[in-house]
Amino acid sequence: MSPEEKPGAAKPPPPAPARPAPKHPGFVTVTVDGKEVVAKPGTNMITAAKTVGADIPYYCWHHRLSIAANCRMCLVEASTSPKLVPACQTALQEGMVIRTDTARVAESRRAIMEFLLLNHPVDCAICDQAGECKLEDYYQRMDAKPSRLEGDKVLRDKRRVLGPLVVLDQERCVLCTRCVRFMEEVAKEPQLGVFARGSDEYIDVFPGRQLTSNYSGNVVDLCPVGALLNRDFRFRARTWFLSTVASVCTGCSRGCSAYVDFLGQDTYRYRPRENDAINQSWLCDAGRLSYRTLNVDRVSTAAVGRGDDRREVSTAEALARATVQLKAMAGTAELAVLVSPACSNEDLLAGLTFAKDALGVRSLYVGGRPDGAADKLLMRADKNPNRRGLEWIAAALGLGLRPFADLVSAIDAGRVKALYALGGEVPVPASEAAAALGKVEFVVLQATNLSPVTAGVDVLLPAAVHVEDEGTFTQAEGITQRVRRAYPPRAGVQSHWKWAVDIMREFGFPVTLASAREVFQEIAPKVPELAAFDWDKEAPPLKTTRGIAPLPTGADGRPPGYREFGAPRVRGI
Amino acid sequence: MAQSTDIEIATALPEGEGELEAHLHTKRMLINMGPSHPAMHGTVRTHIELEGETIVRMDPEIGFLHRGFQKSCENVTWNQCLPYTDRLNYASALMNNFGFLNAVEKLAGITIPERAQYIRLIGSELHRIHDHLTCVGAIGLELGGFAPFLYAIEGRELIMDRVTELTGARLTTSFGRVGGLNRDLPEGWSERVLKSLDKCHELIGEIDTLLTANRIFVDRMKGVGVITADDALDFGFTGPCLRASGVSYDVRKANPYWVYDRMDFGIPIGVNGDNFDRYLMRLEELKQSEAIVRQALKQLPPGPVIVDDWRIALPPKPEVYGTIEGVIAHFKLVMEGVPVPAGEVYDSTEAANGELGWYLVSDGSGRPYKVHVRAPGFAIMSGLPHMVVGRMLADLIPTFDTINMIGGEVEQ
């Protein structure tokens, strides 16, 4: 203490160094690897660095979760600190100089990779994550050195079943806590926790509880390594054999953006696709598992006859049969049309045009899946992905919409002699609907999946699902999204719009529409809400990387891993 | 350059001559030689217009062996391109393997270990002997001498046996990997190579004795299929066919790669640019290659045969099966390939028929963005009509032999 200072008097703190005036007012200007980055205040350093090509690695950080800064992978050099700082947690400051490419940073990353792999089991060959695993990517980029481990690895619970959809391999876990934070912050159902301390730490559910959330599948997507695995997908496919297209989940009217992962002509899973307006980065479990209907119990061939008279026929014969009977009834009040709001806009555009112009109906009965459970995050009660689109299109074409109950009462009253149904989904138990339809003299049904309804119709036309054709869906809030075709439908199966166009042509109308695109371009301008939608520009790109994109499986120019006869049948869990 | 020699044809009957004494009406005959013809090696079709026995026009048509080699490479990782390169000049697959790898390594900035450079050089020169023996033997055979062919094939078999011991395959070697070689020399291999070379030396001497001073052989070879140095350069000739015309250009000397600058060897140069000179070039190169292999085996240093970097070379198997680091590196290399930095490169090596050039483009991924191969045979094949038009049909056979057209590399 200097003699001038009186004891007890607080020393005034040294004046804070003057903050430099922002170079770009309203923004923070920093330098990353010698390149200037101008960012909005509050931008994360990882995001800011990415804009100039500096790819900072990370495990625990996620742009929709709180920051934990526990993986230490994103350590970089910053002029504001003598030590390395975690990029995910450090706020950008005006004039900050950040280096991500120095030897010191590289050595830190290498050391962290070495620690992470120290107790990691030798599992790539049997791990579902292999191919999309950050440990693999970063090891090859940051380390690529042999193991220096002497002795044995720590063993933990390798198959800890956390819930109906998720299984945890605690040996593979890097304790990034993304899953714990997700359940707490996004799903708001804190069912996961970190237990024990230090090197004994592990992720688990609370004792006696299960991971039963409807959002549990997201922790599998969030897990940067192969610790949390989807029990539905586990051991079914190697990820590098799967091709991917951008699509939507058709499980409910939320219409979450999703990726469809497929091999051959089978869909293997949905993964959430980033979309700020609809689903952020998430999918609910119910929607995630709705891919199953794309593969099983499909209507695969055209058929005529009811019950014991049912026989499979060629497309041409089925078309001819449908045409003769429908034509005879066209324009009469005894012909009804049933449409499903689960169909795409293109299907509805063509189908409703057919109903109006060729069948001469004034109103439609609306089928579709019955309402179900809803929650506060994503899942909606209306399970039909395109009800809004149906309303728009019907209004534009001047067609009224009537509930399914009206159809049942009309049938009971004997006012319906013939029925053309676009989509086999019904809002009542299928057996009830089948009983009602059984009273109609002649029913033509285009359906994707088998049900009691499809068994009792006179002409059954196999329809394609949304991943088998290009198209658009309009979800509950009125957002229209384009979906891409993953693979072509199997022989004899075709889209709803194609069936409608074919029957219309049989009727003698000069229709030349040959693709979903043409259907949209031709008819959508009549629908005010869809007129401004640019079908081509809104299409998510099929290519996500530079250079030549291998064609999706099932197309020509076989990509690696293509199997002529579909996926190998691998035993599930 | 190529021209067609139009020959005036008398069609009018001389006055007073009876019909019996009249000149025959003559017309040019169009014949197809190949694609299935014993002298048209490698399924090439030539459309020949004959005036009597003289070739007045010739149109070689390639493509029967086209496999889409360059495009196929874009769908596989860099190392997986190797089996495709085997099938370029299938008489000297090792040179294609190593030439391709050399270009990839140049693009990736990798220097391979010294021992790998020596082994690549030895393999290349062995396959040069293999290739030239095939060529010289076939010339002898097609000009009526069966014995030289048998001698050549005997020597060739010896080389093939050694190559089989080294690579595991007689023809489609797929040897070497980016960064070096996939395996070292087998035990006792060097001694067996030396023994085989002794035998080859003897056999080459026999062929030399049987053919070089043989009147029938020389008459059909000398002054036939002549191409001047200027024309050869214009057509883009390289290798023995260019050197036979008197141009001293050999990539091994002009731009030495691997350890060629440490070898003492000569480059034979011809004078006349005819079939006989091209034959002599090959005979002399056989001897030079033998000398190079002997020197290289003597100098062969110990050490690793592939770079010690798990981003490029597969980890040793115990590491793959026993450690997570090894299995990750193995997995990434196999599934995604060696990451070659984005960029483009041209690199060439001296293959048996001349400059084998590679133009590669990488987009930074584990697969080629573009692969183009400059096959020496393609340029030489394009000069064939120029060399045979105006000559007899029979002269096409030795000329086609001495340019050593290999369907695999010309048609890719």
# chains A, B, ... in the order shown; residues from 1 in each chain; ligands from 1
call {"tool": "select_by_dssp", "arguments": {"residues": "region 202-343 of chain A", "states": "strand (DSSP E or B)", "output": "PyMOL selection string"}}
result
chain A and resi 202-205+228-230+243-248+257-263+266-272+275+280+298+303-304+311-312+335-339
call {"tool": "write_last_selection", "arguments": {"atoms": "C-alpha atoms", "output": "short mmCIF file (atom, residue, chain, number, x, y, z; two decimals), in the first residue's frame"}}
result
data_model
loop_
_atom_site.label_atom_id
_atom_site.label_comp_id
_atom_site.auth_asym_id
_atom_site.auth_seq_id
_atom_site.Cartn_x
_atom_site.Cartn_y
_atom_site.Cartn_z
CA TYR A 202 -22.82 -40.87 -17.68
CA ILE A 203 -26.10 -39.96 -19.34
CA ASP A 204 -29.20 -41.83 -18.23
CA VAL A 205 -32.90 -41.52 -17.53
CA LEU A 228 -27.97 -42.45 -28.74
CA LEU A 229 -29.47 -44.66 -31.39
CA ASN A 230 -32.88 -44.95 -32.93
CA SER A 243 -29.45 -41.55 -50.62
CA THR A 244 -31.29 -38.49 -49.43
CA VAL A 245 -33.85 -36.07 -50.85
CA ALA A 246 -35.57 -33.12 -49.28
CA SER A 247 -39.22 -33.79 -48.58
CA VAL A 248 -41.81 -33.18 -45.89
CA SER A 257 -39.54 -30.21 -43.44
CA ALA A 258 -37.73 -33.52 -43.52
CA TYR A 259 -35.13 -35.47 -45.35
CA VAL A 260 -36.12 -38.84 -46.73
CA ASP A 261 -33.31 -41.40 -46.55
CA PHE A 262 -33.86 -44.22 -48.98
CA LEU A 263 -32.20 -47.18 -50.62
CA ASP A 266 -37.61 -48.35 -49.76
CA THR A 267 -37.63 -45.41 -47.38
CA TYR A 268 -35.53 -46.04 -44.28
CA ARG A 269 -36.13 -42.99 -42.15
CA TYR A 270 -37.12 -39.35 -41.92
CA ARG A 271 -34.68 -36.85 -40.55
CA PRO A 272 -35.64 -33.28 -39.66
CA ASN A 275 -36.90 -24.83 -41.36
CA GLN A 280 -36.88 -25.49 -36.58
CA ARG A 298 -49.18 -50.69 -50.21
CA ALA A 303 -57.70 -54.69 -59.25
CA VAL A 304 -61.39 -55.00 -60.03
CA ARG A 311 -58.90 -60.06 -59.32
CA GLU A 312 -55.77 -58.21 -60.31
CA LEU A 335 -72.32 -39.66 -58.72
CA ALA A 336 -70.27 -38.50 -55.75
CA VAL A 337 -66.61 -37.68 -55.37
CA LEU A 338 -64.56 -38.27 -52.23
CA VAL A 339 -61.17 -36.58 -51.87
#
call {"tool": "closest_atom_pairs", "arguments": {"of": "chain A", "to": "chain B", "cutoff": "7 Å", "atoms": "only C-alpha atoms", "output": "tab-separated table"}}
result
residue	atom	partner	partner_atom	distance
A:Leu117	CA	B:Ile324	CA	6.9
A:His120	CA	B:Ile324	CA	6.7
A:Pro121	CA	B:Ile324	CA	6.4
A:Val122	CA	B:Ile324	CA	4.5
A:Cys124	CA	B:Val327	CA	6.8
A:Glu136	CA	B:Ile328	CA	5.7
A:Gln140	CA	B:Ala329	CA	6.4
A:Ala144	CA	B:Trp310	CA	5.6
A:Lys145	CA	B:Trp310	CA	6.9
A:Pro146	CA	B:Glu325	CA	5.9
A:Ser147	CA	B:Glu325	CA	6.0
A:Gly547	CA	B:Tyr369	CA	6.5
A:Pro559	CA	B:Asn75	CA	6.8
call {"tool": "residues_around", "arguments": {"residues": "region 492-501 of chain A", "least_positions_apart": "2", "cutoff": "6 Å", "atoms": "only C-alpha atoms", "output": "list in words"}}
result
Asp347, Ala350, Gly351, Pro462, Ala463, Ala464, Pro489, Arg490, Ile503 and Met504 of chain A
call {"tool": "write_last_selection", "arguments": {"atoms": "N, CA and C atoms", "output": "tab-separated table (two decimals), in the first residue's frame"}}
result
chain	number	residue	atom	x	y	z
A	347	ASP	N	-51.93	-33.68	-57.07
A	347	ASP	CA	-52.97	-34.70	-57.14
A	347	ASP	C	-54.35	-34.06	-57.10
A	350	ALA	N	-55.27	-31.95	-60.36
A	350	ALA	CA	-55.73	-32.77	-61.48
A	350	ALA	C	-57.03	-33.49	-61.13
A	351	GLY	N	-57.09	-34.03	-59.90
A	351	GLY	CA	-58.25	-34.81	-59.50
A	351	GLY	C	-59.52	-33.97	-59.43
A	462	PRO	N	-53.78	-48.40	-57.88
A	462	PRO	CA	-52.67	-48.19	-56.94
A	462	PRO	C	-52.03	-46.82	-57.13
A	463	ALA	N	-51.97	-46.04	-56.06
A	463	ALA	CA	-51.46	-44.68	-56.17
A	463	ALA	C	-50.09	-44.55	-55.49
A	464	ALA	N	-49.31	-43.60	-56.00
A	464	ALA	CA	-47.97	-43.37	-55.48
A	464	ALA	C	-48.03	-42.50	-54.23
A	489	PRO	N	-42.18	-44.88	-58.43
A	489	PRO	CA	-43.05	-45.92	-57.88
A	489	PRO	C	-42.83	-47.24	-58.60
A	490	ARG	N	-43.27	-48.32	-57.98
A	490	ARG	CA	-43.11	-49.63	-58.61
A	490	ARG	C	-44.03	-49.73	-59.82
A	503	ILE	N	-57.83	-41.18	-66.69
A	503	ILE	CA	-59.28	-41.42	-66.83
A	503	ILE	C	-59.91	-40.30	-67.65
A	504	MET	N	-59.43	-39.10	-67.40
A	504	MET	CA	-59.97	-37.96	-68.14
A	504	MET	C	-59.74	-38.13	-69.63
call {"tool": "residues_around", "arguments": {"residues": "Arg380 (chain A)", "least_positions_apart": "6", "cutoff": "10 Å", "atoms": "only C-alpha atoms", "output": "list in words"}}
result
Gly251, Cys252, Ser253, Arg254, Gly255, Asp371, Gly372, Ala373, Ala374 and Ala476 of chain A
call {"tool": "write_last_selection", "arguments": {"atoms": "C-alpha atoms", "output": "mmCIF file, in the first residue's frame"}}
result
data_model
loop_
_atom_site.group_PDB
_atom_site.id
_atom_site.type_symbol
_atom_site.label_atom_id
_atom_site.label_comp_id
_atom_site.auth_asym_id
_atom_site.auth_seq_id
_atom_site.Cartn_x
_atom_site.Cartn_y
_atom_site.Cartn_z
ATOM 1 C CA GLY A 251 -47.806 -37.354 -40.598
ATOM 2 C CA CYS A 252 -49.872 -34.308 -39.655
ATOM 3 C CA SER A 253 -50.906 -30.904 -40.909
ATOM 4 C CA ARG A 254 -47.768 -29.282 -39.487
ATOM 5 C CA GLY A 255 -45.884 -30.489 -42.565
ATOM 6 C CA ASP A 371 -57.992 -36.376 -35.934
ATOM 7 C CA GLY A 372 -55.528 -37.536 -33.337
ATOM 8 C CA ALA A 373 -53.390 -36.296 -30.522
ATOM 9 C CA ALA A 374 -51.743 -32.891 -30.577
ATOM 10 C CA ALA A 476 -51.860 -25.757 -41.742
#
call {"tool": "residues_around", "arguments": {"residues": "region 404-411 of chain A", "least_positions_apart": "5", "cutoff": "12 Å", "atoms": "only C-alpha atoms", "output": "count of residues only"}}
result
39
call {"tool": "atom_distance", "arguments": {"atom1": "CA of Phe64 (chain B)", "atom2": "CA of Gly34 (chain B)"}}
result
10.4 Å
